[in-house]
Each structure stands twice: as structure tokens, then as C-alpha cells.
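Participant: Sending over start-v7.txt (compact mmCIF, C-alpha atoms).
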```
# COMPACT_ATOMS: atom_id res chain seq x y z
CA MET A 1 77.32 2.66 50.25
CA SER A 2 73.71 1.45 49.74
CA ALA A 3 72.60 4.98 48.79
CA PHE A 4 75.47 5.22 46.26
CA PHE A 5 74.31 2.11 44.43
CA ARG A 6 70.54 2.92 44.49
CA ALA A 7 70.88 6.20 42.57
CA PRO A 8 72.47 4.68 39.41
CA ARG A 9 69.86 1.87 39.41
CA LEU A 10 67.07 4.47 39.37
CA ARG A 11 68.81 6.46 36.59
CA CYS A 12 69.26 3.33 34.47
CA LEU A 13 65.65 2.21 34.81
CA SER A 14 64.03 5.59 34.16
CA PRO A 15 64.47 5.50 30.32
CA PHE A 16 62.55 2.21 30.30
CA LEU A 17 59.91 3.27 32.79
CA PHE A 18 59.00 6.43 30.88
CA PRO A 19 57.82 4.75 27.63
CA LEU A 20 56.10 2.08 29.71
CA LEU A 21 54.29 4.79 31.63
CA LEU A 22 53.18 6.45 28.36
CA LEU A 23 51.94 3.11 27.02
CA THR A 24 50.01 2.52 30.21
CA LEU A 25 48.42 5.97 29.96
CA ARG A 26 47.47 5.42 26.33
CA CYS A 27 45.86 2.05 27.10
CA SER A 28 44.08 3.55 30.06
CA ASP A 29 42.72 6.37 27.84
CA ALA A 30 41.58 3.95 25.11
CA ASN A 31 39.65 1.93 27.64
CA SER A 32 38.28 4.95 29.44
CA PRO A 33 34.54 4.96 30.05
CA THR A 34 34.42 8.27 28.15
CA SER A 35 35.91 6.75 25.00
CA PRO A 36 33.19 6.46 22.32
CA GLY A 37 34.26 3.01 21.18
CA GLN A 38 34.05 1.78 17.62
CA ALA A 39 31.47 0.26 15.33
CA THR A 40 30.82 -0.89 11.79
CA LEU A 41 28.82 1.35 9.48
CA ALA A 42 27.13 -0.40 6.57
CA GLY A 43 24.99 1.62 4.22
CA THR A 44 23.70 2.51 0.79
CA VAL A 45 24.10 5.79 -1.03
CA ILE A 46 21.12 6.49 -3.28
CA SER A 47 19.90 9.21 -5.61
CA GLY A 48 17.33 11.67 -4.31
CA THR A 49 14.81 14.15 -5.66
CA SER A 50 14.83 17.93 -5.30
CA PRO A 51 16.70 19.44 -2.37
CA ALA A 52 13.41 20.94 -1.12
CA GLY A 53 11.86 17.55 -0.50
CA MET A 54 15.08 15.70 0.22
CA ARG A 55 13.28 12.38 0.05
CA ALA A 56 14.67 9.40 -1.74
CA LEU A 57 13.54 8.51 -5.24
CA GLY A 58 11.95 5.42 -3.77
CA MET A 59 13.55 3.10 -6.29
CA GLU A 60 16.68 3.38 -4.17
CA ILE A 61 18.85 3.96 -7.22
CA GLY A 62 22.30 3.12 -5.85
CA LEU A 63 25.12 5.55 -6.61
CA ALA A 64 28.29 3.67 -7.54
CA GLY A 65 31.82 4.97 -7.13
CA VAL A 66 31.06 7.36 -4.28
CA THR A 67 33.83 7.67 -1.71
CA VAL A 68 32.36 7.73 1.80
CA ARG A 69 34.87 9.16 4.27
CA VAL A 70 34.73 9.65 8.04
CA THR A 71 35.97 13.24 8.32
CA SER A 72 37.36 12.82 11.84
CA THR A 73 39.57 9.83 11.03
CA GLY A 74 39.98 9.86 7.26
CA LYS A 75 38.84 6.23 7.06
CA SER A 76 36.98 5.69 3.78
CA ALA A 77 35.26 3.18 1.53
CA GLN A 78 33.86 3.33 -1.99
CA THR A 79 30.34 2.33 -2.92
CA ASP A 80 29.90 -0.67 -5.20
CA GLY A 81 27.66 -0.91 -8.26
CA SER A 82 24.56 -0.93 -6.05
CA GLY A 83 25.65 2.00 -3.90
CA ASN A 84 26.59 -0.16 -0.91
CA PHE A 85 29.56 0.49 1.35
CA THR A 86 30.99 -0.81 4.64
CA LEU A 87 33.22 1.07 7.03
CA ALA A 88 34.82 -0.70 10.01
CA GLY A 89 36.35 1.03 13.02
CA VAL A 90 33.98 4.00 12.95
CA PRO A 91 33.87 5.96 16.22
CA GLY A 92 30.61 5.86 18.12
CA GLY A 93 28.41 8.90 18.50
CA SER A 94 27.65 11.62 15.97
CA VAL A 95 29.80 11.01 12.90
CA ASP A 96 30.24 13.39 9.98
CA LEU A 97 30.62 11.70 6.58
CA ALA A 98 31.96 13.27 3.40
CA LEU A 99 30.59 11.83 0.17
CA GLU A 100 32.69 12.48 -2.90
CA ARG A 101 32.46 11.67 -6.59
CA ALA A 102 33.20 13.78 -9.65
CA ASP A 103 29.62 15.07 -9.57
CA ILE A 104 28.98 14.72 -5.82
CA HIS A 105 30.37 16.77 -2.95
CA ALA A 106 28.11 16.28 0.04
CA HIS A 107 28.14 15.76 3.79
CA ALA A 108 25.86 13.76 6.06
CA THR A 109 25.78 13.25 9.81
CA VAL A 110 24.87 9.84 11.21
CA THR A 111 24.49 8.59 14.76
CA VAL A 112 26.56 5.46 15.33
CA ALA A 113 26.04 3.03 18.21
CA ALA A 114 29.39 1.72 19.45
CA GLY A 115 30.00 -2.02 19.41
CA ALA A 116 27.37 -2.73 16.77
CA THR A 117 26.80 -2.84 13.03
CA ASN A 118 24.85 0.28 12.07
CA ARG A 119 22.91 0.38 8.80
CA VAL A 120 21.99 3.62 7.04
CA THR A 121 20.59 4.81 3.74
CA ILE A 122 21.87 8.18 2.54
CA SER A 123 19.95 10.08 -0.12
CA VAL A 124 22.08 12.50 -2.17
CA VAL A 125 20.93 15.49 -4.20
CA GLY A 126 23.82 17.47 -5.67
CA SER A 127 25.78 18.90 -2.76
CA GLN A 128 23.23 17.88 -0.14
CA ALA A 129 22.66 14.56 1.61
CA VAL A 130 20.17 13.28 4.14
CA VAL A 131 19.90 10.06 6.09
CA VAL A 132 16.58 8.35 5.34
CA PRO A 133 15.05 5.27 6.97
CA ALA A 134 16.28 2.17 5.16
CA GLY A 135 13.51 0.45 3.28
CA HIS A 136 11.27 3.52 3.50
CA ALA A 137 12.55 5.48 0.57
CA GLY A 138 9.42 4.70 -1.43
CA GLU A 139 5.95 6.14 -1.60
CA GLU A 140 2.64 5.14 -0.01
CA ILE A 141 -0.22 5.59 -2.49
CA GLU A 142 -3.86 5.11 -1.57
CA GLY A 143 -6.97 5.75 -3.60
CA LEU A 144 -9.47 4.54 -6.17
CA VAL A 145 -8.41 2.74 -9.32
CA SER A 146 -9.53 4.64 -12.41
CA ALA A 147 -7.80 2.36 -14.96
CA ASN A 148 -6.21 -1.11 -15.12
CA ASP A 149 -4.62 -2.34 -18.35
CA GLY A 150 -3.36 -5.60 -16.89
CA SER A 151 0.06 -4.39 -15.80
CA THR A 152 -0.44 -0.72 -14.93
CA LEU A 153 -2.90 0.93 -12.57
CA THR A 154 -4.00 4.54 -12.46
CA VAL A 155 -4.74 5.40 -8.85
CA LEU A 156 -6.52 8.57 -7.73
CA ASP A 157 -4.57 9.55 -4.64
CA GLN A 158 -5.96 12.57 -2.77
CA ARG A 159 -2.45 13.84 -2.01
CA LEU A 160 -0.60 12.97 -5.23
CA GLY A 161 -3.44 13.14 -7.73
CA ALA A 162 -3.68 10.62 -10.58
CA VAL A 163 -0.70 8.29 -10.15
CA ILE A 164 0.56 5.82 -12.77
CA VAL A 165 1.59 2.63 -11.00
CA HIS A 166 3.46 -0.07 -12.93
CA THR A 167 3.79 -3.68 -11.78
CA ASP A 168 6.26 -6.42 -12.66
CA GLY A 169 6.99 -10.02 -11.72
CA SER A 170 8.18 -9.03 -8.25
CA THR A 171 5.07 -7.00 -7.34
CA VAL A 172 2.96 -8.60 -4.62
CA VAL A 173 -0.76 -8.19 -5.28
CA ARG A 174 -3.01 -9.32 -2.45
CA THR A 175 -6.26 -8.95 -0.59
CA GLY A 176 -5.86 -9.65 3.10
CA GLY A 177 -3.32 -12.47 3.30
CA SER A 178 -4.17 -14.00 -0.08
CA SER A 179 -2.39 -13.32 -3.36
CA ILE A 180 -4.58 -12.35 -6.30
CA PRO A 181 -3.96 -11.55 -9.98
CA LEU A 182 -3.84 -7.86 -10.89
CA SER A 183 -6.81 -8.44 -13.20
CA GLN A 184 -8.99 -8.98 -10.13
CA ILE A 185 -8.65 -5.30 -9.26
CA ALA A 186 -11.52 -3.48 -10.95
CA VAL A 187 -12.02 0.18 -11.77
CA GLY A 188 -13.56 1.76 -8.68
CA ASN A 189 -11.77 -0.53 -6.22
CA ARG A 190 -9.73 1.13 -3.51
CA VAL A 191 -6.08 0.08 -3.21
CA HIS A 192 -3.11 0.79 -0.97
CA VAL A 193 0.15 0.71 -2.93
CA LYS A 194 3.76 0.63 -1.78
CA ALA A 195 5.79 1.85 -4.72
CA LEU A 196 9.20 3.03 -5.83
CA GLN A 197 9.36 6.21 -7.88
CA GLN A 198 11.11 5.88 -11.23
CA PRO A 199 13.24 8.48 -13.04
CA ASP A 200 10.26 9.27 -15.35
CA GLN A 201 8.20 10.11 -12.21
CA SER A 202 5.97 7.03 -12.58
CA TYR A 203 5.93 4.39 -9.85
CA LEU A 204 6.88 0.72 -9.72
CA ALA A 205 4.76 -1.11 -7.16
CA THR A 206 6.36 -3.48 -4.69
CA GLU A 207 2.97 -4.27 -3.17
CA VAL A 208 -0.67 -3.63 -4.13
CA LEU A 209 -3.25 -4.25 -1.42
CA LEU A 210 -6.87 -4.46 -2.57
CA GLN A 211 -9.13 -2.90 0.02
CA SER A 212 -12.78 -3.73 0.51
CA GLU A 213 -14.24 -0.35 -0.33
CA LYS A 214 -15.83 0.20 -3.75
CA VAL A 215 -17.48 3.09 -5.49
CA GLY A 216 -21.06 3.26 -4.29
CA GLY A 217 -20.24 1.32 -1.14
CA ASN A 218 -20.62 2.49 2.42
CA ARG A 219 -17.77 4.52 3.86
CA GLU A 220 -17.30 5.72 7.42
CA VAL A 221 -14.84 8.44 8.28
CA SER A 222 -13.87 9.71 11.74
CA GLY A 223 -11.44 12.49 12.50
CA THR A 224 -10.79 16.19 12.85
CA VAL A 225 -12.16 18.76 10.43
CA GLN A 226 -9.17 20.28 8.67
CA SER A 227 -10.94 22.82 6.47
CA VAL A 228 -14.48 23.84 5.47
CA ASP A 229 -15.83 25.13 2.16
CA PRO A 230 -19.32 26.57 2.91
CA SER A 231 -19.95 27.57 -0.70
CA GLY A 232 -19.34 24.04 -1.94
CA GLY A 233 -20.92 22.30 1.02
CA THR A 234 -17.75 20.26 1.58
CA PHE A 235 -15.20 19.79 4.34
CA VAL A 236 -11.95 17.90 4.71
CA VAL A 237 -11.45 15.39 7.53
CA GLN A 238 -8.03 14.33 8.79
CA SER A 239 -8.47 10.68 9.70
CA GLY A 240 -6.02 7.97 10.68
CA ALA A 241 -5.85 6.84 7.05
CA GLY A 242 -5.22 10.34 5.69
CA THR A 243 -7.37 13.23 4.52
CA VAL A 244 -10.86 12.66 3.11
CA THR A 245 -13.06 15.23 1.39
CA VAL A 246 -16.67 14.96 2.53
CA LYS A 247 -19.49 16.27 0.34
CA THR A 248 -22.90 17.16 1.76
CA GLY A 249 -26.25 17.70 0.12
CA PRO A 250 -29.97 18.19 0.83
CA SER A 251 -30.30 14.62 2.08
CA THR A 252 -27.39 14.90 4.56
CA SER A 253 -28.47 14.93 8.20
CA PHE A 254 -26.40 16.67 10.88
CA LYS A 255 -26.37 15.73 14.57
CA ARG A 256 -24.64 17.28 17.56
CA HIS A 257 -24.84 16.22 21.21
CA GLY A 258 -27.90 14.10 20.40
CA GLY A 259 -29.79 16.98 18.81
CA SER A 260 -30.14 18.43 15.35
CA ALA A 261 -27.40 20.51 13.76
CA THR A 262 -26.58 22.14 10.42
CA PHE A 263 -23.61 22.45 8.10
CA ALA A 264 -22.74 25.70 9.89
CA ASP A 265 -21.86 23.61 12.98
CA VAL A 266 -19.05 21.91 11.06
CA VAL A 267 -16.03 24.04 11.93
CA THR A 268 -12.29 23.62 11.67
CA GLY A 269 -10.96 21.58 14.58
CA ALA A 270 -14.25 19.82 15.32
CA MET A 271 -14.32 16.05 15.71
CA VAL A 272 -16.79 14.37 13.37
CA ASP A 273 -18.10 10.93 12.46
CA VAL A 274 -19.28 10.64 8.87
CA ASN A 275 -21.37 7.88 7.33
CA GLY A 276 -21.73 8.09 3.59
CA THR A 277 -21.15 6.65 0.12
CA LEU A 278 -17.76 6.41 -1.57
CA GLN A 279 -17.60 8.38 -4.83
CA ALA A 280 -15.53 7.71 -7.95
CA ASP A 281 -13.24 10.67 -7.21
CA GLY A 282 -12.42 9.35 -3.73
CA THR A 283 -14.69 11.74 -1.87
CA VAL A 284 -17.51 10.65 0.45
CA LEU A 285 -21.08 11.83 -0.03
CA ALA A 286 -22.37 12.07 3.52
CA ARG A 287 -25.69 10.64 4.62
CA LYS A 288 -25.10 11.56 8.25
CA VAL A 289 -22.57 13.81 9.97
CA THR A 290 -22.25 13.57 13.74
CA ILE A 291 -20.35 16.47 15.30
CA GLU A 292 -18.60 15.41 18.49
CA GLY A 293 -17.27 18.75 19.57
```
Show how you would write the structure in this file as C-alpha cells.
Facilitator:
Amino acid sequence: MSAFFRAPRLRCLSPFLFPLLLLTLRCSDANSPTSPGQATLAGTVISGTSPAGMRALGMEIGLAGVTVRVTSTGKSAQTDGSGNFTLAGVPGGSVDLALERADIHAHATVTVAAGATNRVTISVVGSQAVVVPAGHAGEEIEGLVSANDGSTLTVLDQRLGAVIVHTDGSTVVRTGGSSIPLSQIAVGNRVHVKALQQPDQSYLATEVLLQSEKVGGNREVSGTVQSVDPSGGTFVVQSGAGTVTVKTGPSTSFKRHGGSATFADVVTGAMVDVNGTLQADGTVLARKVTIEG
């Protein structure tokens, strides 16, 4: 008799046990160590330059009305007037995002850390998008000031050429840790500028740092010889601060391993120490060139 009664009890309970078993399996899978977890993705969608460079405009011109969608889940958010968006419940790991607007159809891949708020800046150019470091979408400009009209500087940057740099009320102008008026920067001074490129290709400075070097002042350069122009008596040095063109002349002395040397000993790849005079075009007229190797 006991066996007769146990069978119906098992048959009656099985419809309830089956969904419970499925629920248990689902919970177990969600909490599995292999589950990527979820995170919050907060970011800004900005306009970029040409697809070749794929760098941000620098001004971080926010793109409004862009739908940012996680392709794997369909979860989406729309950028506000400044190009900002926030997506909650984003899976951790490598996440593909679709960015859509009437004039934008792009994709970007971001790496999301589970259990955290991840911040990204996405630069969009037509149908292409690239994740750029937030706060680093601008330009670093360094060189001699060739003009200062009180609000705009012209800076001779060896990489960018003559750059027009505008300033406004939010621009920080300083020397060392002290703020100074822009008028204190004279033609011939060397400056380091952090700027945001504008749609007209000029730059709006966020910070202008006046450096100590002046035209006619002493300049020392150490680095690796990048290229040599024997006919012009010049060579380019790759230093920690960038590339510097070094000019030589009859009064330039050359040393190597403690002995005398000549311009012919300056070869590509050699390490050099240069002591010279800063010129108005940003080059250095060498008094002494020591060839290390």
C-alpha cells in the first residue's frame, strides 16, 4: 500500500518541481563566475575630423540626438544637447555600440568593466567612430610666439606650422604655478599650449604655459638624430619634448668620445647632446655638438 500512495505524490509534485528546477538553473547561470556581469556606460559622442586621422576636433563638439545602442541587447539611450548619454545594465567585456542619427550610421567597440561606471568619449566621422581618451581630444602646441594681439597668439609649432591660437575668459595663462596676463607673453617667447580645434581650423586655448626659453637664449637639446641634411648643415633631433632642427656653422664644434669630430660623424640613429642658441624659427644654432654614439 505504501508504494501505491508514493507514486501519485511524485506525479503531483513533478509539475511544480520542473519550473522550480528551471528557475534554479537560470539563477545559477546568472550568478556563474563566467557571467560577464553588468555595468553603467556613461559617455559623450563628439564630432571628429577626417577618417584618416580619426582624432577628435578637440573642441569636443557634442553631437545631440544620436541613438547609442548596445547591439547585443538592444538597450539604447539618446545623446542630449551636449552629446552625453548614459546606459545602465551594459554587459561587461567587449561591447559593440551602434550610433544612429539621420546623418550618422556608425559602430564603435568599447571595453566595459563589470560592476563599475565606465566613461568613454566617442569621436564620429560619417560612418566611422573611434573611442578616444576623454579629456584628450585636443591638441598640444609648442613653439615660439611670432605674434600677440592681446587675445590671439601665432605660435610656430615645428609639427603644425604657424598656428593661430585664440584665448577667452576661461583660458588659463601661467608661468610655472603663477597666473599671468596674456600681454606678458612677448614675441620670441616659447609657449606650450593646450587647445581645442575649432570648425574653422583655428584653436581655442584652454591653457597657455609660458616657458623660459627666448630667442637668442641658450638651448640644450639631447636625443636621437632622426635625419641629416649634409647640404644644409642641419640635422633633426628627436628629444623628449619633440623634434628639434639643429643648424650648424663654421663656429660649431663637434666632439665624440672625448676627441674631435666633424659634421660627417652626425648620422641617423646617433645620440647627441647639443648646446646652442634658440632661433626665431624654433631651430637651434649649435655651438657644440657632442656625439655619444
Participant: Considering only C-alpha atoms, return as a ChimeraX atom specification whatever protein or nucleic-acid residues lie within 10 Å of A:Gln238, sequence-local ones (same chain, fewer than 2 positions apart) excluded.
Facilitator: /A:221-227,236,240-245,269,271-272
Participant: Would you pick out the contacts of A:Gly115 at 10 Å or less, using only C-alpha atoms, so that residues sharing its chain but fewer than 5 positions from it are not included, and give the list as a ChimeraX atom specification?
Facilitator: /A:36-40,89-92
Participant: As an exercise, work out the distance from atom CA of A:Arg174 to atom CA of A:Leu210 in Å and give it to one decimal place.
Facilitator: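 Separating atom CA of A:Arg174 from atom CA of A:Leu210 is a distance of 6.2 Å.
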Participant: For the point (-23.5, 12.2, 5.3) in file coordinates, what residues are within 8 Å, counting all atoms listed in the file? Give the answer as a list in words?
Facilitator: Val246, Lys247, Thr248, Ser251, Thr252, Ser253, Phe254, Val274, Asn275, Gly276, Thr277, Val284, Leu285, Ala286, Arg287, Lys288 and Val289 of chain A
Participant: Given all atoms listed in the file as the basis, pick out the residue of A:Ala106, A:Arg256, A:Thr175, A:Leu144 nearest to A:Gln158.
Facilitator: A:Leu144
